[in-house]
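Printed here is start-v4.json (JSON, C-alpha atoms and all ligand atoms):
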[["chain", "number", "residue", "atom", "x", "y", "z"],
["A", 283, "MET", "CA", 0.00, 0.00, 0.00],
["A", 284, "THR", "CA", 2.83, 2.33, 0.80],
["A", 285, "THR", "CA", 4.12, 1.57, -2.67],
["A", 286, "LYS", "CA", 0.94, 2.82, -4.30],
["A", 287, "LEU", "CA", 0.99, 6.04, -2.29],
["A", 288, "ASN", "CA", 4.69, 6.50, -3.04],
["A", 289, "GLN", "CA", 4.07, 6.07, -6.74],
["A", 290, "LEU", "CA", 1.17, 8.56, -6.75],
["A", 291, "VAL", "CA", 3.15, 11.13, -4.75],
["A", 292, "HIS", "CA", 6.11, 10.55, -7.06],
["A", 293, "GLU", "CA", 4.00, 11.39, -10.14],
["A", 294, "LEU", "CA", 2.47, 14.39, -8.40],
["A", 295, "THR", "CA", 5.69, 15.91, -7.11],
["A", 296, "ARG", "CA", 8.68, 14.67, -9.15],
["A", 297, "PRO", "CA", 9.65, 14.24, -12.79],
["A", 298, "HIS", "CA", 8.63, 10.70, -13.72],
["A", 299, "ALA", "CA", 8.56, 8.16, -16.50],
["A", 300, "ALA", "CA", 5.58, 8.42, -18.83],
["A", 301, "THR", "CA", 4.34, 6.61, -21.90],
["A", 302, "ILE", "CA", 2.98, 8.54, -24.84],
["A", 303, "ILE", "CA", 0.56, 6.53, -26.98],
["A", 304, "ARG", "CA", 0.09, 8.09, -30.39],
["A", 305, "ASP", "CA", -3.00, 7.87, -32.60],
["A", 306, "ASP", "CA", -1.40, 5.13, -34.68],
["A", 307, "GLY", "CA", -0.90, 3.03, -31.53],
["A", 308, "SER", "CA", 2.86, 3.46, -31.32],
["A", 309, "LYS", "CA", 4.38, 4.12, -27.91],
["A", 310, "THR", "CA", 7.15, 6.45, -26.85],
["A", 311, "PHE", "CA", 8.72, 6.37, -23.41],
["A", 312, "THR", "CA", 9.64, 9.71, -22.00],
["A", 313, "THR", "CA", 10.08, 11.67, -18.78],
["A", 314, "GLU", "CA", 7.47, 14.23, -17.88],
["A", 315, "ALA", "CA", 7.52, 17.01, -15.32],
["A", 316, "SER", "CA", 5.73, 16.52, -12.02],
["A", 317, "LEU", "CA", 1.97, 16.90, -12.30],
["A", 318, "LEU", "CA", 2.11, 19.88, -9.94],
["A", 319, "ASN", "CA", 4.66, 21.55, -12.20],
["A", 320, "GLN", "CA", 2.51, 20.88, -15.25],
["A", 321, "LEU", "CA", -0.49, 22.28, -13.40],
["A", 322, "ARG", "CA", 1.49, 25.42, -12.51],
["A", 323, "GLU", "CA", 2.38, 25.87, -16.17],
["A", 324, "ALA", "CA", -1.29, 25.42, -17.10],
["A", 325, "VAL", "CA", -2.28, 28.15, -14.65],
["A", 326, "LYS", "CA", 0.13, 30.58, -16.35],
["A", 327, "GLY", "CA", -0.87, 29.53, -19.83],
["A", 328, "SER", "CA", 1.73, 29.03, -22.52],
["A", 329, "GLY", "CA", 1.12, 31.91, -24.89],
["A", 330, "GLY", "CA", 1.68, 35.63, -24.46],
["A", 331, "ARG", "CA", -0.95, 37.81, -22.91],
["A", 332, "GLY", "CA", -3.43, 39.61, -25.13],
["A", 333, "ALA", "CA", -3.08, 43.32, -25.77],
["A", 334, "SER", "CA", -5.46, 44.24, -23.00],
["A", 335, "GLY", "CA", -3.33, 47.05, -21.63],
["A", 336, "ALA", "CA", -0.27, 47.03, -19.40],
["A", 337, "ASN", "CA", -2.14, 48.18, -16.32],
["A", 338, "SER", "CA", -4.65, 45.37, -16.17],
["A", 339, "ALA", "CA", -4.14, 43.01, -13.24],
["A", 340, "PRO", "CA", -2.67, 39.65, -14.26],
["A", 341, "ILE", "CA", -5.50, 37.14, -14.31],
["A", 342, "PRO", "CA", -4.92, 33.41, -14.57],
["A", 343, "ILE", "CA", -5.29, 32.32, -18.17],
["A", 344, "ASN", "CA", -6.71, 29.02, -17.07],
["A", 345, "PRO", "CA", -9.13, 29.59, -14.16],
["A", 346, "ALA", "CA", -9.88, 25.86, -13.77],
["A", 347, "ALA", "CA", -6.16, 25.09, -13.33],
["A", 348, "HIS", "CA", -5.85, 27.99, -10.90],
["A", 349, "ASP", "CA", -8.79, 26.69, -8.81],
["A", 350, "LEU", "CA", -7.41, 23.18, -8.69],
["A", 351, "TYR", "CA", -3.96, 24.40, -7.68],
["A", 352, "GLN", "CA", -5.49, 26.54, -4.93],
["A", 353, "ARG", "CA", -7.51, 23.60, -3.62],
["A", 354, "ILE", "CA", -4.43, 21.34, -3.45],
["A", 355, "SER", "CA", -2.38, 24.10, -1.79],
["A", 356, "TYR", "CA", -5.09, 24.71, 0.79],
["A", 357, "LYS", "CA", -5.33, 21.02, 1.62],
["A", 358, "ALA", "CA", -1.53, 20.80, 1.88],
["A", 359, "GLN", "CA", -1.51, 23.64, 4.40],
["A", 360, "GLN", "CA", -4.10, 21.75, 6.46],
["A", 361, "LEU", "CA", -1.96, 18.61, 6.30],
["A", 362, "LYS", "CA", 1.08, 20.59, 7.35],
["A", 363, "ALA", "CA", -0.81, 21.98, 10.35],
["A", 364, "ALA", "CA", -2.04, 18.51, 11.32],
["A", 365, "HIS", "CA", 1.43, 16.91, 11.19],
["A", 366, "LYS", "CA", 3.77, 18.69, 13.56],
["A", 367, "GLY", "CA", 6.87, 17.17, 12.05],
["A", 368, "ILE", "CA", 6.40, 18.86, 8.67],
["A", 369, "THR", "CA", 8.57, 21.95, 8.56],
["A", 370, "THR", "CA", 9.34, 22.24, 4.87],
["A", 371, "GLY", "CA", 7.81, 24.89, 2.69],
["A", 372, "THR", "CA", 7.11, 24.03, -0.93],
["A", 373, "LEU", "CA", 3.89, 22.33, -1.89],
["A", 374, "GLU", "CA", 5.86, 19.35, -3.20],
["A", 375, "SER", "CA", 7.92, 18.91, -0.04],
["A", 376, "ILE", "CA", 4.86, 19.22, 2.22],
["A", 377, "ILE", "CA", 3.05, 16.46, 0.31],
["A", 378, "GLN", "CA", 6.17, 14.27, 0.30],
["A", 379, "ALA", "CA", 6.79, 14.76, 4.03],
["A", 380, "TRP", "CA", 3.13, 14.09, 4.82],
["A", 381, "SER", "CA", 3.05, 10.85, 2.83],
["A", 382, "LEU", "CA", 6.20, 9.64, 4.62],
["A", 383, "ALA", "CA", 4.83, 10.60, 8.03],
["A", 384, "LEU", "CA", 1.83, 8.29, 7.75],
["A", 385, "THR", "CA", 2.18, 5.04, 9.67],
["A", 386, "ASN", "CA", -1.12, 3.18, 9.82],
["A", 387, "ASP", "CA", -2.80, 1.43, 6.90],
["A", 388, "HIS", "CA", -6.03, 3.38, 7.18],
["A", 389, "ASP", "CA", -4.28, 6.75, 6.85],
["A", 390, "ILE", "CA", -2.14, 5.47, 4.00],
["A", 391, "THR", "CA", -5.21, 4.23, 2.11],
["A", 392, "GLN", "CA", -6.98, 7.56, 2.64],
["A", 393, "ALA", "CA", -3.91, 9.47, 1.52],
["A", 394, "ALA", "CA", -3.57, 7.36, -1.62],
["A", 395, "ARG", "CA", -7.21, 8.10, -2.44],
["A", 396, "THR", "CA", -6.65, 11.84, -2.00],
["A", 397, "VAL", "CA", -3.51, 11.93, -4.11],
["A", 398, "GLU", "CA", -5.06, 9.71, -6.79],
["A", 399, "HIS", "CA", -7.99, 12.13, -6.98],
["A", 400, "TRP", "CA", -5.59, 15.08, -7.41],
["A", 401, "ASN", "CA", -3.59, 13.29, -10.09],
["A", 402, "THR", "CA", -6.74, 12.31, -11.98],
["A", 403, "GLN", "CA", -8.08, 15.85, -11.84],
["A", 404, "ILE", "CA", -4.78, 17.34, -13.02],
["A", 405, "ARG", "CA", -4.52, 14.86, -15.89],
["A", 406, "ALA", "CA", -8.12, 15.51, -16.95],
["A", 407, "LEU", "CA", -7.38, 19.22, -16.96],
["A", 408, "LEU", "CA", -4.12, 18.92, -18.89],
["A", 409, "ASP", "CA", -5.47, 16.46, -21.41],
["A", 410, "PRO", "CA", -9.26, 16.64, -21.63],
["A", 411, "PRO", "CA", -10.96, 13.70, -23.31],
["A", 412, "LYS", "CA", -11.29, 14.30, -27.02],
["A", 413, "THR", "CA", -14.68, 14.61, -28.66],
["A", 414, "ILE", "CA", -14.96, 13.02, -32.07],
["A", 415, "GLU", "CA", -17.79, 13.87, -34.46],
["A", 416, "LEU", "CA", -19.39, 10.87, -36.17],
["A", 417, "LYS", "CA", -20.31, 11.29, -39.81],
["A", 418, "ILE", "CA", -23.80, 9.83, -39.43],
["A", 419, "SER", "CA", -27.38, 10.90, -38.95],
["A", 420, "CYS", "CA", -28.73, 10.07, -35.51],
["A", 421, "PRO", "CA", -30.46, 6.67, -35.80],
["A", 422, "GLN", "CA", -32.98, 7.85, -33.22],
["A", 423, "CYS", "CA", -34.10, 11.30, -34.40],
["A", 424, "GLY", "CA", -32.42, 11.62, -37.79],
["A", 425, "ALA", "CA", -30.44, 14.76, -36.94],
["A", 426, "ARG", "CA", -27.25, 15.12, -38.91],
["A", 427, "GLN", "CA", -25.90, 18.59, -38.17],
["A", 428, "VAL", "CA", -26.72, 21.02, -35.40],
["A", 429, "ILE", "CA", -26.39, 24.77, -35.31],
["A", 430, "ASN", "CA", -26.02, 26.46, -31.93],
["A", 431, "ALA", "CA", -26.94, 29.95, -30.77],
["A", 432, "GLU", "CA", -23.52, 31.22, -31.89],
["A", 433, "GLY", "CA", -24.19, 29.97, -35.40],
["A", 434, "GLU", "CA", -21.58, 27.20, -35.22],
["A", 435, "ILE", "CA", -22.45, 24.08, -37.16],
["A", 436, "ASN", "CA", -21.31, 20.70, -35.82],
["A", 437, "LEU", "CA", -22.28, 17.12, -36.45],
["A", 438, "ALA", "CA", -25.09, 15.96, -34.15],
["A", 439, "VAL", "CA", -23.60, 12.67, -32.99],
["A", 440, "THR", "CA", -20.31, 12.85, -31.12],
["A", 441, "ILE", "CA", -18.32, 10.33, -29.13],
["A", 442, "GLN", "CA", -16.28, 11.01, -26.00],
["A", 443, "ASN", "CA", -14.78, 8.48, -23.60],
["A", 444, "LEU", "CA", -16.41, 5.60, -25.48],
["A", 445, "THR", "CA", -19.90, 7.04, -25.10],
["A", 446, "ALA", "CA", -21.68, 8.52, -28.12],
["A", 447, "GLN", "CA", -24.44, 11.06, -27.76],
["A", 448, "CYS", "CA", -26.82, 12.91, -30.05],
["A", 449, "ALA", "CA", -26.89, 16.64, -29.28],
["A", 450, "VAL", "CA", -30.54, 16.88, -30.39],
["A", 451, "CYS", "CA", -32.41, 13.98, -28.77],
["A", 452, "LEU", "CA", -29.67, 13.24, -26.17],
["A", 453, "THR", "CA", -29.79, 9.50, -26.87],
["A", 454, "GLN", "CA", -26.57, 7.81, -25.72],
["A", 455, "TRP", "CA", -24.82, 4.72, -27.04],
["A", 456, "GLU", "CA", -22.02, 2.83, -25.35],
["A", 457, "GLY", "CA", -20.34, -0.55, -25.37],
["A", 458, "GLU", "CA", -21.89, -2.93, -27.91],
["A", 459, "GLN", "CA", -24.34, -0.26, -29.03],
["A", 460, "LEU", "CA", -21.46, 1.58, -30.69],
["A", 461, "TRP", "CA", -21.38, -1.19, -33.30],
["A", 462, "TYR", "CA", -24.96, -0.33, -34.15],
["A", 463, "LEU", "CA", -23.85, 3.23, -34.84],
["A", 464, "LYS", "CA", -21.05, 1.98, -37.04],
["A", 465, "GLU", "CA", -23.53, -0.07, -39.05],
["A", 466, "ALA", "CA", -25.73, 3.00, -39.43],
["A", 467, "THR", "CA", -22.90, 4.78, -41.25],
["A", 468, "ASP", "CA", -23.03, 2.11, -43.97],
["A", 469, "TYR", "CA", -26.62, 3.06, -44.85],
["A", 470, "GLU", "CA", -26.00, 6.79, -44.76],
["A", 471, "PRO", "CA", -27.51, 8.60, -47.76],
["A", 472, "ALA", "CA", -24.90, 10.73, -49.49],
["A", 473, "ASP", "CA", -26.78, 14.01, -49.48],
["A", 474, "THR", "CA", -27.62, 14.62, -45.85],
["A", 475, "ASN", "CA", -26.86, 18.13, -44.79],
["A", 476, "LYS", "CA", -30.01, 18.63, -42.78],
["A", 477, "THR", "CA", -29.28, 21.03, -39.91],
["A", 478, "THR", "CA", -31.23, 21.21, -36.65],
["A", 479, "GLN", "CA", -31.26, 24.33, -34.53],
["A", 480, "LEU", "CA", -30.30, 23.60, -30.94],
["A", 501, "ZN", "ZN", -30.85, 12.17, -32.08]]

Show how you would write the structure in this file as structure tokens.
Ligand SMILES: [Zn+2]
Amino acid sequence: MTTKLNQLVHELTRPHAATIIRDDGSKTFTTEASLLNQLREAVKGSGGRGASGANSAPIPINPAAHDLYQRISYKAQQLKAAHKGITTGTLESIIQAWSLALTNDHDITQAARTVEHWNTQIRALLDPPKTIELKISCPQCGARQVINAEGEINLAVTIQNLTAQCAVCLTQWEGEQLWYLKEATDYEPADTNKTTQL
């Protein structure tokens, strides 16, 4: 159990080995920065600031990353206060010292859950699940394209995290049902550009 917590804290606070899986299925092994470091970079944003005037207060470019970082920092300060032995200052060193200070299995399990939750949230923020548009009409309501209030046109049926959904009738397909959607593409008439207003 300690091993799991160690591994999670390692990924959160230190550069670590990572595997990049490309779209063609090939794998590359690399070293990536600690998740906290990546989160810090996400808070700052990578590009230059817009020309909004030199006097404007710096606002975080990525508010979601900023919020998450604040929440982890706040929790770390609580942990530091609760464990008298922790005297170090950086967020990384507080989390490392805390994880090493835990002695009983219950605390270690709880800690692993907390850190796993942080890591998952950071990863989701850094690399949000991709949405893929399916080139089909919805088998349920027949919608092919949708136009939103901003006038953007997208395909109605999209898939994210192995769940497909129609933006018009909100029908969802997952698991085996995805094969049904794939079959539907084979019967697709060529001239469907019907657009439904959302
Ligand atoms: Zn539909």

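Contacts with ligand ZN 501 (chain A) are defined as any residue atom within 7 Å of a ligand atom, using all atoms listed in the file; the residues meeting this criterion are Cys420, Pro421, Gln422, Cys423, Gly424, Ala425, Cys448, Ala449, Val450, Cys451, Leu452 and Thr453 of chain A.
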
- Note on the structure: The residue from A:Leu318, A:Leu373, A:Leu287, A:Leu416 with the smallest atom-to-atom distance to A:Ala466, counting all atoms listed in the file, is A:Leu416

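Our summary of the geometry notes that atom CA of A:Asn443 is positioned 29.0 Å from atom CA of A:Thr285.
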
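The coordinates place atom CA of A:Lys476 at 8.4 Å from atom CA of A:Val428.
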
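Across A:Val397, A:Ile390, A:Ala379, A:Leu437, the tightest approach to A:Ile354 is made by A:Val397 when counting all atoms listed in the file.
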
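Here atom CA of A:Lys417 is placed at a distance of 15.5 Å from atom CA of A:Ile429.
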
- Note on the structure: Min atom-atom distance to A:Asn319 from the set A:Lys366, A:His388, A:His298, A:Lys464, counting all atoms listed in the file, belongs to A:His298

- Mind listing as JSON, numbers by chain all residues within 12 Å of (-26.6, 4.3, -25.6), counting all atoms listed in the file? {"A": [420, 421, 422, 439, 440, 441, 444, 445, 446, 447, 448, 451, 452, 453, 454, 455, 456, 457, 458, 459, 460, 461, 462, 463]}
